[in-house]
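What's in work-v2.cif: mmCIF, C-alpha atoms
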data_query
#
loop_
_atom_site.group_PDB
_atom_site.id
_atom_site.type_symbol
_atom_site.label_atom_id
_atom_site.label_comp_id
_atom_site.auth_asym_id
_atom_site.auth_seq_id
_atom_site.Cartn_x
_atom_site.Cartn_y
_atom_site.Cartn_z
ATOM 1 C CA MET U 1 -9.267 -2.350 17.902
ATOM 2 C CA ILE U 2 -7.369 -5.098 16.057
ATOM 3 C CA GLY U 3 -10.698 -6.743 15.242
ATOM 4 C CA VAL U 4 -12.063 -3.533 13.705
ATOM 5 C CA GLN U 5 -8.875 -2.942 11.693
ATOM 6 C CA VAL U 6 -8.895 -6.529 10.414
ATOM 7 C CA ALA U 7 -12.580 -6.299 9.464
ATOM 8 C CA LEU U 8 -12.028 -3.022 7.628
ATOM 9 C CA ASP U 9 -9.063 -4.479 5.727
ATOM 10 C CA ARG U 10 -11.071 -7.555 4.747
ATOM 11 C CA ALA U 11 -13.980 -5.377 3.576
ATOM 12 C CA GLY U 12 -11.681 -3.360 1.276
ATOM 13 C CA PHE U 13 -11.501 -0.261 3.486
ATOM 14 C CA SER U 14 -7.839 -0.211 4.417
ATOM 15 C CA PRO U 15 -6.761 1.363 7.720
ATOM 16 C CA GLY U 16 -3.192 1.242 6.455
ATOM 17 C CA GLU U 17 -0.786 -0.620 8.700
ATOM 18 C CA ILE U 18 -2.647 -2.717 11.304
ATOM 19 C CA ASP U 19 -1.186 -1.663 14.645
ATOM 20 C CA GLY U 20 -3.903 -2.485 17.191
ATOM 21 C CA ARG U 21 -4.109 1.139 18.289
ATOM 22 C CA GLY U 22 -6.373 2.680 15.691
ATOM 23 C CA GLY U 23 -6.004 6.394 15.110
ATOM 24 C CA SER U 24 -6.914 8.845 12.372
ATOM 25 C CA LYS U 25 -6.441 6.426 9.453
ATOM 26 C CA THR U 26 -8.666 3.813 11.103
ATOM 27 C CA LYS U 27 -11.297 6.448 11.880
ATOM 28 C CA LEU U 28 -11.323 7.666 8.269
ATOM 29 C CA ALA U 29 -11.589 4.111 6.927
ATOM 30 C CA LEU U 30 -14.426 3.406 9.362
ATOM 31 C CA SER U 31 -16.207 6.606 8.347
ATOM 32 C CA GLN U 32 -15.921 5.704 4.667
ATOM 33 C CA PHE U 33 -17.254 2.204 5.346
ATOM 34 C CA GLN U 34 -20.201 3.648 7.275
ATOM 35 C CA LYS U 35 -20.993 6.001 4.420
ATOM 36 C CA SER U 36 -20.832 3.144 1.917
ATOM 37 C CA ALA U 37 -23.111 1.032 4.133
ATOM 38 C CA GLY U 38 -25.691 3.809 4.497
ATOM 39 C CA LEU U 39 -24.841 4.477 8.144
ATOM 40 C CA PRO U 40 -24.038 7.815 9.803
ATOM 41 C CA ALA U 41 -20.391 8.499 8.887
ATOM 42 C CA THR U 42 -19.134 9.208 12.400
ATOM 43 C CA GLY U 43 -15.921 7.197 12.328
ATOM 44 C CA VAL U 44 -16.953 5.857 15.738
ATOM 45 C CA VAL U 45 -17.402 2.153 16.455
ATOM 46 C CA ASN U 46 -20.935 1.215 17.520
ATOM 47 C CA GLU U 47 -23.079 -1.926 17.493
ATOM 48 C CA GLU U 48 -24.713 -1.092 14.167
ATOM 49 C CA THR U 49 -21.334 -0.591 12.499
ATOM 50 C CA ILE U 50 -19.896 -3.771 13.999
ATOM 51 C CA ALA U 51 -22.881 -5.733 12.677
ATOM 52 C CA ALA U 52 -22.549 -4.253 9.179
ATOM 53 C CA LEU U 53 -18.777 -4.669 9.152
ATOM 54 C CA GLY U 54 -18.857 -8.266 10.300
ATOM 55 C CA VAL U 55 -16.023 -8.079 12.794
ATOM 56 C CA PRO U 56 -14.611 -11.631 12.940
ATOM 57 C CA SER U 57 -14.810 -13.622 16.157
ATOM 58 C CA GLU U 58 -11.124 -14.427 15.669
ATOM 59 C CA SER U 59 -9.171 -11.439 14.393
ATOM 60 C CA ILE U 60 -5.856 -13.089 15.295
ATOM 61 C CA VAL U 61 -4.992 -16.493 13.827
ATOM 62 C CA THR U 62 -2.057 -18.896 13.948
ATOM 63 C CA TYR U 63 0.280 -19.032 10.964
ATOM 64 C CA THR U 64 3.144 -21.462 10.460
ATOM 65 C CA ILE U 65 6.145 -19.691 8.961
ATOM 66 C CA ALA U 66 6.996 -21.217 5.574
ATOM 67 C CA PRO U 67 10.577 -21.636 4.319
ATOM 68 C CA GLU U 68 9.964 -19.072 1.571
ATOM 69 C CA ASP U 69 8.915 -16.490 4.194
ATOM 70 C CA VAL U 70 12.409 -16.503 5.653
ATOM 71 C CA ALA U 71 14.459 -17.410 2.576
ATOM 72 C CA GLY U 72 15.485 -13.825 1.877
ATOM 73 C CA PRO U 73 17.946 -12.671 0.844
ATOM 74 C CA PHE U 74 17.529 -9.918 3.425
ATOM 75 C CA ILE U 75 19.533 -6.713 3.137
ATOM 76 C CA GLY U 76 19.986 -6.131 6.873
ATOM 77 C CA SER U 77 19.388 -2.388 6.734
ATOM 78 C CA MET U 78 18.377 0.185 4.168
ATOM 79 C CA PRO U 79 21.292 1.982 2.487
ATOM 80 C CA ALA U 80 21.980 5.541 3.584
ATOM 81 C CA ASP U 81 21.155 7.126 0.225
ATOM 82 C CA MET U 82 20.110 6.477 -3.361
ATOM 83 C CA MET U 83 23.613 6.003 -4.726
ATOM 84 C CA GLU U 84 24.263 3.255 -2.187
ATOM 85 C CA SER U 85 20.917 1.626 -3.019
ATOM 86 C CA ALA U 86 21.869 1.539 -6.702
ATOM 87 C CA LYS U 87 24.819 -0.748 -5.879
ATOM 88 C CA LEU U 88 22.588 -3.564 -4.603
ATOM 89 C CA PRO U 89 21.173 -6.323 -6.848
ATOM 90 C CA ALA U 90 17.706 -5.889 -5.283
ATOM 91 C CA LEU U 91 16.021 -3.956 -2.480
ATOM 92 C CA GLY U 92 14.477 -6.833 -0.571
ATOM 93 C CA TYR U 93 13.193 -6.830 2.970
ATOM 94 C CA THR U 94 15.613 -6.026 5.766
ATOM 95 C CA SER U 95 14.545 -9.019 7.884
ATOM 96 C CA ALA U 96 12.096 -11.900 8.206
ATOM 97 C CA LEU U 97 10.127 -9.796 10.695
ATOM 98 C CA GLU U 98 9.664 -6.996 8.154
ATOM 99 C CA ALA U 99 8.635 -9.511 5.459
ATOM 100 C CA LEU U 100 6.079 -11.220 7.702
ATOM 101 C CA ALA U 101 4.695 -7.908 8.974
ATOM 102 C CA GLU U 102 4.054 -6.756 5.410
ATOM 103 C CA LYS U 103 2.587 -10.150 4.482
ATOM 104 C CA PHE U 104 -0.080 -9.642 7.140
ATOM 105 C CA HIS U 105 -0.533 -5.864 6.694
ATOM 106 C CA ALA U 106 0.802 -5.256 10.199
ATOM 107 C CA SER U 107 3.343 -3.117 11.957
ATOM 108 C CA PRO U 108 6.477 -5.018 13.046
ATOM 109 C CA ALA U 109 5.804 -3.757 16.584
ATOM 110 C CA LEU U 110 2.374 -5.434 16.595
ATOM 111 C CA LEU U 111 3.798 -8.772 15.431
ATOM 112 C CA GLN U 112 6.470 -8.570 18.107
ATOM 113 C CA SER U 113 3.881 -7.849 20.799
ATOM 114 C CA LEU U 114 1.743 -10.795 19.615
ATOM 115 C CA ASN U 115 4.780 -13.093 19.530
ATOM 116 C CA PRO U 116 7.168 -12.223 22.357
ATOM 117 C CA GLY U 117 10.465 -14.038 22.013
ATOM 118 C CA ALA U 118 9.728 -15.315 18.496
ATOM 119 C CA ALA U 119 12.737 -16.456 16.482
ATOM 120 C CA TRP U 120 10.960 -15.884 13.133
ATOM 121 C CA SER U 121 12.180 -19.215 11.783
ATOM 122 C CA ALA U 122 10.612 -21.630 9.308
ATOM 123 C CA GLY U 123 8.216 -24.010 11.007
ATOM 124 C CA ASP U 124 7.450 -21.676 13.914
ATOM 125 C CA ALA U 125 3.776 -20.987 14.673
ATOM 126 C CA ILE U 126 3.073 -17.285 15.161
ATOM 127 C CA LYS U 127 0.018 -15.118 15.792
ATOM 128 C CA VAL U 128 -0.954 -12.779 12.931
ATOM 129 C CA PRO U 129 -3.915 -10.578 11.890
ATOM 130 C CA ALA U 130 -6.580 -12.609 10.050
ATOM 131 C CA VAL U 131 -6.243 -10.829 6.702
ATOM 132 C CA GLU U 132 -5.588 -12.109 3.209
ATOM 133 C CA PRO U 133 -1.796 -12.502 3.058
ATOM 134 C CA PHE U 134 -0.051 -10.012 0.811
ATOM 135 C CA GLU U 135 1.527 -11.687 -2.200
ATOM 136 C CA PRO U 136 3.322 -9.297 -4.580
ATOM 137 C CA GLN U 137 2.506 -9.792 -8.232
ATOM 138 C CA SER U 138 5.590 -10.491 -10.316
ATOM 139 C CA SER U 139 6.293 -9.041 -13.739
ATOM 140 C CA ALA U 140 6.106 -12.569 -15.179
ATOM 141 C CA GLU U 141 2.680 -13.172 -13.640
ATOM 142 C CA LYS U 142 1.457 -9.860 -14.999
ATOM 143 C CA ALA U 143 2.712 -10.691 -18.477
ATOM 144 C CA THR U 144 0.792 -13.979 -18.558
ATOM 145 C CA ALA U 145 -2.387 -12.695 -16.866
ATOM 146 C CA ALA U 146 -5.500 -12.245 -18.947
ATOM 147 C CA PRO U 147 -5.932 -8.571 -19.880
ATOM 148 C CA LYS U 148 -8.750 -6.690 -18.185
ATOM 149 C CA PRO U 149 -11.671 -5.827 -20.483
ATOM 150 C CA ALA U 150 -11.230 -2.226 -21.609
ATOM 151 C CA SER U 151 -14.851 -1.395 -20.831
ATOM 152 C CA ALA U 152 -14.481 -2.672 -17.250
ATOM 153 C CA SER U 153 -11.304 -0.753 -16.481
ATOM 154 C CA GLN U 154 -12.496 2.438 -18.141
ATOM 155 C CA SER U 155 -15.751 2.412 -16.180
ATOM 156 C CA LEU U 156 -13.819 2.624 -12.916
ATOM 157 C CA ASP U 157 -13.169 5.932 -11.224
ATOM 158 C CA VAL U 158 -10.178 6.558 -8.962
ATOM 159 C CA LEU U 159 -10.671 9.546 -6.681
ATOM 160 C CA ILE U 160 -7.790 10.965 -4.647
ATOM 161 C CA SER U 161 -8.490 13.516 -1.926
ATOM 162 C CA GLY U 162 -5.654 15.717 -0.761
ATOM 163 C CA ALA U 163 -7.791 16.936 2.140
ATOM 164 C CA SER U 164 -8.387 13.501 3.668
ATOM 165 C CA LYS U 165 -5.244 11.884 2.196
ATOM 166 C CA SER U 166 -7.278 9.021 0.827
ATOM 167 C CA LEU U 167 -7.992 7.069 -2.348
ATOM 168 C CA LEU U 168 -11.291 5.583 -3.513
ATOM 169 C CA VAL U 169 -11.941 3.235 -6.428
ATOM 170 C CA ARG U 170 -15.573 3.116 -7.528
ATOM 171 C CA ASP U 171 -17.394 1.222 -10.256
ATOM 172 C CA ALA U 172 -19.851 2.707 -12.748
ATOM 173 C CA ASP U 173 -22.666 2.402 -10.201
ATOM 174 C CA GLY U 174 -20.716 4.290 -7.553
ATOM 175 C CA LYS U 175 -19.982 1.196 -5.453
ATOM 176 C CA VAL U 176 -16.712 1.504 -3.531
ATOM 177 C CA LEU U 177 -14.365 -1.275 -4.610
ATOM 178 C CA MET U 178 -11.419 -0.021 -2.585
ATOM 179 C CA TYR U 179 -10.535 2.624 -0.021
ATOM 180 C CA ALA U 180 -6.998 3.317 1.213
ATOM 181 C CA PRO U 181 -5.016 6.032 2.980
ATOM 182 C CA VAL U 182 -2.301 7.705 0.910
ATOM 183 C CA THR U 183 0.685 9.967 1.352
ATOM 184 C CA ILE U 184 0.638 13.094 -0.795
ATOM 185 C CA GLY U 185 3.094 15.735 -1.932
ATOM 186 C CA SER U 186 4.251 18.665 0.144
ATOM 187 C CA SER U 187 3.916 22.351 -0.698
ATOM 188 C CA LYS U 188 7.143 22.053 -2.706
ATOM 189 C CA ASP U 189 5.691 19.157 -4.700
ATOM 190 C CA PRO U 190 1.931 19.847 -4.740
ATOM 191 C CA LEU U 191 -0.721 17.471 -5.994
ATOM 192 C CA PRO U 192 -1.543 17.875 -9.696
ATOM 193 C CA VAL U 193 -5.224 18.637 -9.194
ATOM 194 C CA GLY U 194 -7.406 17.653 -12.136
ATOM 195 C CA ASP U 195 -8.588 14.735 -14.246
ATOM 196 C CA TRP U 196 -6.050 12.209 -15.523
ATOM 197 C CA LYS U 197 -5.971 8.682 -16.888
ATOM 198 C CA VAL U 198 -3.956 5.556 -16.143
ATOM 199 C CA THR U 199 -1.477 4.843 -18.945
ATOM 200 C CA GLY U 200 0.068 1.649 -17.583
ATOM 201 C CA VAL U 201 0.921 -0.541 -14.588
ATOM 202 C CA SER U 202 4.483 -1.722 -13.895
ATOM 203 C CA TRP U 203 5.175 -4.547 -11.431
ATOM 204 C CA ASN U 204 8.396 -4.736 -9.407
ATOM 205 C CA PRO U 205 9.703 -1.656 -11.182
ATOM 206 C CA THR U 206 13.228 -0.371 -11.347
ATOM 207 C CA PHE U 207 13.265 3.238 -10.164
ATOM 208 C CA ASN U 208 15.034 5.657 -12.504
ATOM 209 C CA TYR U 209 16.513 8.116 -10.046
ATOM 210 C CA ASN U 210 17.111 11.592 -11.459
ATOM 211 C CA PRO U 211 18.394 14.016 -8.813
ATOM 212 C CA ASP U 212 17.383 16.963 -11.028
ATOM 213 C CA LEU U 213 13.736 16.136 -10.214
ATOM 214 C CA PHE U 214 14.225 16.234 -6.431
ATOM 215 C CA TRP U 215 14.527 19.628 -4.772
ATOM 216 C CA ASP U 216 16.269 18.073 -1.755
ATOM 217 C CA ALA U 217 18.664 15.763 -3.653
ATOM 218 C CA ASP U 218 22.299 15.540 -2.645
ATOM 219 C CA PRO U 219 24.226 17.740 -5.118
ATOM 220 C CA THR U 220 26.850 15.009 -5.499
ATOM 221 C CA HIS U 221 24.289 12.507 -6.786
ATOM 222 C CA ALA U 222 24.037 11.403 -10.416
ATOM 223 C CA LYS U 223 21.314 9.618 -12.338
ATOM 224 C CA ALA U 224 21.025 5.984 -11.283
ATOM 225 C CA LYS U 225 18.846 2.904 -11.588
ATOM 226 C CA ILE U 226 17.517 1.769 -8.224
ATOM 227 C CA PRO U 227 16.885 -1.999 -8.255
ATOM 228 C CA PRO U 228 13.410 -3.453 -7.702
ATOM 229 C CA GLY U 229 12.055 -4.917 -4.494
ATOM 230 C CA PRO U 230 9.633 -4.077 -1.682
ATOM 231 C CA ASN U 231 12.079 -1.510 -0.313
ATOM 232 C CA ASN U 232 12.444 0.235 -3.678
ATOM 233 C CA PRO U 233 11.435 3.941 -3.405
ATOM 234 C CA VAL U 234 8.189 3.163 -5.302
ATOM 235 C CA GLY U 235 7.585 -0.225 -3.712
ATOM 236 C CA VAL U 236 6.344 -3.177 -5.739
ATOM 237 C CA VAL U 237 4.091 -1.452 -8.274
ATOM 238 C CA TRP U 238 3.925 1.801 -10.230
ATOM 239 C CA VAL U 239 0.587 2.980 -11.695
ATOM 240 C CA ASP U 240 1.488 5.528 -14.345
ATOM 241 C CA ILE U 241 -0.848 8.375 -15.339
ATOM 242 C CA ASN U 242 -0.700 10.901 -18.172
ATOM 243 C CA LYS U 243 1.169 13.436 -16.042
ATOM 244 C CA GLU U 244 4.922 13.402 -16.629
ATOM 245 C CA HIS U 245 6.990 12.009 -13.745
ATOM 246 C CA PHE U 246 3.847 11.283 -11.718
ATOM 247 C CA GLY U 247 2.189 8.087 -10.587
ATOM 248 C CA LEU U 248 0.536 6.094 -7.831
ATOM 249 C CA HIS U 249 2.825 3.559 -6.180
ATOM 250 C CA GLY U 250 3.870 1.480 -3.194
ATOM 251 C CA THR U 251 6.317 2.428 -0.475
ATOM 252 C CA PRO U 252 9.175 0.956 1.554
ATOM 253 C CA GLU U 253 7.773 2.654 4.677
ATOM 254 C CA PRO U 254 4.120 1.670 5.306
ATOM 255 C CA ALA U 255 4.086 3.393 8.707
ATOM 256 C CA THR U 256 4.431 6.788 7.000
ATOM 257 C CA ILE U 257 1.286 6.452 4.876
ATOM 258 C CA GLY U 258 -1.256 9.194 5.543
ATOM 259 C CA ARG U 259 1.245 12.018 5.829
ATOM 260 C CA THR U 260 2.207 14.957 3.619
ATOM 261 C CA GLU U 261 5.790 14.309 2.700
ATOM 262 C CA SER U 262 6.257 12.616 -0.673
ATOM 263 C CA HIS U 263 7.824 14.298 -3.687
ATOM 264 C CA GLY U 264 4.448 14.791 -5.317
ATOM 265 C CA CYS U 265 3.396 11.250 -6.169
ATOM 266 C CA ILE U 266 0.666 9.272 -4.414
ATOM 267 C CA ARG U 267 2.025 6.555 -2.116
ATOM 268 C CA LEU U 268 0.149 3.583 -0.651
ATOM 269 C CA THR U 269 1.233 0.574 1.359
ATOM 270 C CA ASN U 270 2.591 -2.145 -0.910
ATOM 271 C CA TRP U 271 -0.459 -4.335 -0.285
ATOM 272 C CA ASP U 272 -2.890 -1.505 -1.094
ATOM 273 C CA ALA U 273 -0.863 -0.453 -4.145
ATOM 274 C CA THR U 274 -0.948 -4.048 -5.377
ATOM 275 C CA ARG U 275 -4.721 -4.181 -5.002
ATOM 276 C CA LEU U 276 -5.006 -0.913 -6.910
ATOM 277 C CA GLY U 277 -2.732 -2.205 -9.676
ATOM 278 C CA ARG U 278 -4.920 -5.270 -10.097
ATOM 279 C CA LEU U 279 -8.065 -3.144 -10.444
ATOM 280 C CA VAL U 280 -6.982 -0.476 -12.918
ATOM 281 C CA ALA U 281 -5.766 -0.576 -16.510
ATOM 282 C CA PRO U 282 -4.901 1.926 -19.240
ATOM 283 C CA GLY U 283 -7.840 4.290 -19.626
ATOM 284 C CA THR U 284 -9.015 4.207 -15.993
ATOM 285 C CA LYS U 285 -9.976 7.728 -14.904
ATOM 286 C CA VAL U 286 -8.036 9.306 -12.028
ATOM 287 C CA THR U 287 -9.418 12.454 -10.397
ATOM 288 C CA ILE U 288 -7.185 14.343 -7.975
ATOM 289 C CA GLN U 289 -8.827 16.899 -5.702
#
Can the structure from this file be put into structure tokens for me?
Amino acid sequence: MIGVQVALDRAGFSPGEIDGRGGSKTKLALSQFQKSAGLPATGVVNEETIAALGVPSESIVTYTIAPEDVAGPFIGSMPADMMESAKLPALGYTSALEALAEKFHASPALLQSLNPGAAWSAGDAIKVPAVEPFEPQSSAEKATAAPKPASASQSLDVLISGASKSLLVRDADGKVLMYAPVTIGSSKDPLPVGDWKVTGVSWNPTFNYNPDLFWDADPTHAKAKIPPGPNNPVGVVWVDINKEHFGLHGTPEPATIGRTESHGCIRLTNWDATRLGRLVAPGTKVTIQ
């Protein structure tokens, strides 16, 4: 199953966190790939699908841990609540294991099972899924990047399905450029069904916490600025749309993607949110069903 998950990820049809077990998110990604490839969308692995998907002969490769992978600073554990988070200079990874797992789109449990007894130190050779390593885009890189042509970004169509908890990005010809599982709002924070547009993309954002906007907020909380980082409540990127207080963003908890539990916004893994942020631009259409 790791080979199928890796192949899906490499083809742009994200199964979410690669865990080697598969499950509903992998089945949905497989079904969407089959549909895109003109195959029966069964969500079941068969020879025809494997041939079209191009499952690699080596889905696990060796990676030598670089000094920057383990440089940190690591925060040890996530703070208990928002007010505690606001006291930190940044919300970085909790450990080298968490950083490396996210780098290779994997669950920490999978990396541990592939590397029993690993010390997670610079210079160590470890086994990892053969995917393109996740590299967050910094605000400085975004500022110096060439702007996307308006016609190209506006011809894209982002479709979010509350029923399947998924996101599609298609070009003007209907070709799927990206598929990813998402977490959606609960009944107390329902999806804003309708047609919207992207108004901007923010990289490594600071989260402006306003307890008045959260029905389950601690009554003792006050407004606060939550520092940026991969464990920020909105992850490493915020894609803003023309719906107040609403956007598409990353998450500090990739294992939870695909559920119904956010406060209304659309959450993706940090690596999928980064890919989305690099595709869209102001004017891109977003349809929520």
For the structure provided, state which residues fall under the PyMOL selection byres ((chain U and resi 81) around 12), and present them as a compact mmCIF listing (two decimals) with C-alpha atoms, in the coordinates of the input.
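Full text of expr_2.txt as output:
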# COMPACT_ATOMS: atom_id res chain seq x y z
CA SER U 77 19.39 -2.39 6.73
CA MET U 78 18.38 0.18 4.17
CA PRO U 79 21.29 1.98 2.49
CA ALA U 80 21.98 5.54 3.58
CA MET U 82 20.11 6.48 -3.36
CA MET U 83 23.61 6.00 -4.73
CA GLU U 84 24.26 3.26 -2.19
CA SER U 85 20.92 1.63 -3.02
CA ALA U 86 21.87 1.54 -6.70
CA LYS U 87 24.82 -0.75 -5.88
CA LEU U 88 22.59 -3.56 -4.60
CA TYR U 209 16.51 8.12 -10.05
CA PRO U 211 18.39 14.02 -8.81
CA ALA U 217 18.66 15.76 -3.65
CA ASP U 218 22.30 15.54 -2.64
CA THR U 220 26.85 15.01 -5.50
CA HIS U 221 24.29 12.51 -6.79
CA ALA U 222 24.04 11.40 -10.42
CA ALA U 224 21.02 5.98 -11.28
CA ILE U 226 17.52 1.77 -8.22
CA ASN U 232 12.44 0.24 -3.68
CA PRO U 233 11.44 3.94 -3.40
Mind giving me the straight-line distance from atom CA of U:Lys197 to atom CA of U:Ile160 in Å, one decimal?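 Distance between the two atoms: 12.6 Å.
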Give me the result of the PyMOL selection byres ((chain U and resi 277) around 9) on this file, residue by residue, as an MDAnalysis selection string. chainID U and resid 201:203 237:239 249 272:276 278:281
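Considering only C-alpha atoms, the residue among U:Ser121, U:Thr94, U:Asn46, U:Ser164 positioned nearest to U:Glu253 is U:Thr94.
Distances from U:Ser57, U:Ser14, U:Asn231, U:Leu39 to U:Ala99 were compared using all atoms listed in the file, and the smallest one belongs to U:Asn231.
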Give me stretch 25-48 of chain U with N, CA and C atoms filled in, as a PDB file, keeping the file's coordinate frame.
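Saved as rebuild.pdb:
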ATOM      1  N   LYS U  25      -6.228   7.204  10.690  1.00  0.00           N
ATOM      2  CA  LYS U  25      -6.441   6.426   9.453  1.00  0.00           C
ATOM      3  C   LYS U  25      -7.559   5.393   9.642  1.00  0.00           C
ATOM      4  N   THR U  26      -7.600   4.771  10.823  1.00  0.00           N
ATOM      5  CA  THR U  26      -8.666   3.813  11.103  1.00  0.00           C
ATOM      6  C   THR U  26     -10.015   4.523  11.168  1.00  0.00           C
ATOM      7  N   LYS U  27     -10.051   5.691  11.773  1.00  0.00           N
ATOM      8  CA  LYS U  27     -11.297   6.448  11.880  1.00  0.00           C
ATOM      9  C   LYS U  27     -11.809   6.858  10.506  1.00  0.00           C
ATOM     10  N   LEU U  28     -10.910   7.280   9.615  1.00  0.00           N
ATOM     11  CA  LEU U  28     -11.323   7.666   8.269  1.00  0.00           C
ATOM     12  C   LEU U  28     -11.828   6.463   7.480  1.00  0.00           C
ATOM     13  N   ALA U  29     -11.145   5.323   7.619  1.00  0.00           N
ATOM     14  CA  ALA U  29     -11.589   4.111   6.927  1.00  0.00           C
ATOM     15  C   ALA U  29     -12.955   3.681   7.452  1.00  0.00           C
ATOM     16  N   LEU U  30     -13.145   3.772   8.756  1.00  0.00           N
ATOM     17  CA  LEU U  30     -14.426   3.406   9.362  1.00  0.00           C
ATOM     18  C   LEU U  30     -15.536   4.328   8.887  1.00  0.00           C
ATOM     19  N   SER U  31     -15.229   5.633   8.818  1.00  0.00           N
ATOM     20  CA  SER U  31     -16.207   6.606   8.347  1.00  0.00           C
ATOM     21  C   SER U  31     -16.607   6.324   6.907  1.00  0.00           C
ATOM     22  N   GLN U  32     -15.623   5.993   6.066  1.00  0.00           N
ATOM     23  CA  GLN U  32     -15.921   5.704   4.667  1.00  0.00           C
ATOM     24  C   GLN U  32     -16.748   4.429   4.539  1.00  0.00           C
ATOM     25  N   PHE U  33     -16.445   3.427   5.361  1.00  0.00           N
ATOM     26  CA  PHE U  33     -17.254   2.204   5.346  1.00  0.00           C
ATOM     27  C   PHE U  33     -18.687   2.504   5.754  1.00  0.00           C
ATOM     28  N   GLN U  34     -18.855   3.296   6.814  1.00  0.00           N
ATOM     29  CA  GLN U  34     -20.201   3.648   7.275  1.00  0.00           C
ATOM     30  C   GLN U  34     -20.984   4.357   6.176  1.00  0.00           C
ATOM     31  N   LYS U  35     -20.340   5.284   5.507  1.00  0.00           N
ATOM     32  CA  LYS U  35     -20.993   6.001   4.420  1.00  0.00           C
ATOM     33  C   LYS U  35     -21.416   5.039   3.316  1.00  0.00           C
ATOM     34  N   SER U  36     -20.540   4.118   2.966  1.00  0.00           N
ATOM     35  CA  SER U  36     -20.832   3.144   1.917  1.00  0.00           C
ATOM     36  C   SER U  36     -21.974   2.214   2.323  1.00  0.00           C
ATOM     37  N   ALA U  37     -22.081   1.936   3.636  1.00  0.00           N
ATOM     38  CA  ALA U  37     -23.111   1.032   4.133  1.00  0.00           C
ATOM     39  C   ALA U  37     -24.416   1.740   4.468  1.00  0.00           C
ATOM     40  N   GLY U  38     -24.477   3.058   4.218  1.00  0.00           N
ATOM     41  CA  GLY U  38     -25.691   3.809   4.497  1.00  0.00           C
ATOM     42  C   GLY U  38     -25.885   4.135   5.963  1.00  0.00           C
ATOM     43  N   LEU U  39     -24.794   4.150   6.722  1.00  0.00           N
ATOM     44  CA  LEU U  39     -24.841   4.477   8.144  1.00  0.00           C
ATOM     45  C   LEU U  39     -24.314   5.889   8.363  1.00  0.00           C
ATOM     46  N   PRO U  40     -24.622   6.512   9.500  1.00  0.00           N
ATOM     47  CA  PRO U  40     -24.038   7.815   9.803  1.00  0.00           C
ATOM     48  C   PRO U  40     -22.511   7.723   9.820  1.00  0.00           C
ATOM     49  N   ALA U  41     -21.852   8.569   9.029  1.00  0.00           N
ATOM     50  CA  ALA U  41     -20.391   8.499   8.887  1.00  0.00           C
ATOM     51  C   ALA U  41     -19.705   9.232  10.037  1.00  0.00           C
ATOM     52  N   THR U  42     -19.711   8.600  11.202  1.00  0.00           N
ATOM     53  CA  THR U  42     -19.134   9.208  12.400  1.00  0.00           C
ATOM     54  C   THR U  42     -17.676   8.826  12.628  1.00  0.00           C
ATOM     55  N   GLY U  43     -17.265   7.692  12.057  1.00  0.00           N
ATOM     56  CA  GLY U  43     -15.921   7.197  12.328  1.00  0.00           C
ATOM     57  C   GLY U  43     -15.788   6.586  13.705  1.00  0.00           C
ATOM     58  N   VAL U  44     -16.932   6.411  14.387  1.00  0.00           N
ATOM     59  CA  VAL U  44     -16.953   5.857  15.738  1.00  0.00           C
ATOM     60  C   VAL U  44     -17.547   4.453  15.695  1.00  0.00           C
ATOM     61  N   VAL U  45     -16.909   3.531  16.412  1.00  0.00           N
ATOM     62  CA  VAL U  45     -17.402   2.153  16.455  1.00  0.00           C
ATOM     63  C   VAL U  45     -18.663   2.079  17.311  1.00  0.00           C
ATOM     64  N   ASN U  46     -19.716   1.466  16.750  1.00  0.00           N
ATOM     65  CA  ASN U  46     -20.935   1.215  17.520  1.00  0.00           C
ATOM     66  C   ASN U  46     -21.493  -0.143  17.087  1.00  0.00           C
ATOM     67  N   GLU U  47     -22.541  -0.590  17.765  1.00  0.00           N
ATOM     68  CA  GLU U  47     -23.079  -1.926  17.493  1.00  0.00           C
ATOM     69  C   GLU U  47     -23.565  -2.072  16.057  1.00  0.00           C
ATOM     70  N   GLU U  48     -24.193  -1.038  15.530  1.00  0.00           N
ATOM     71  CA  GLU U  48     -24.713  -1.092  14.167  1.00  0.00           C
ATOM     72  C   GLU U  48     -23.573  -1.242  13.160  1.00  0.00           C
TER      73      GLU U  48
END
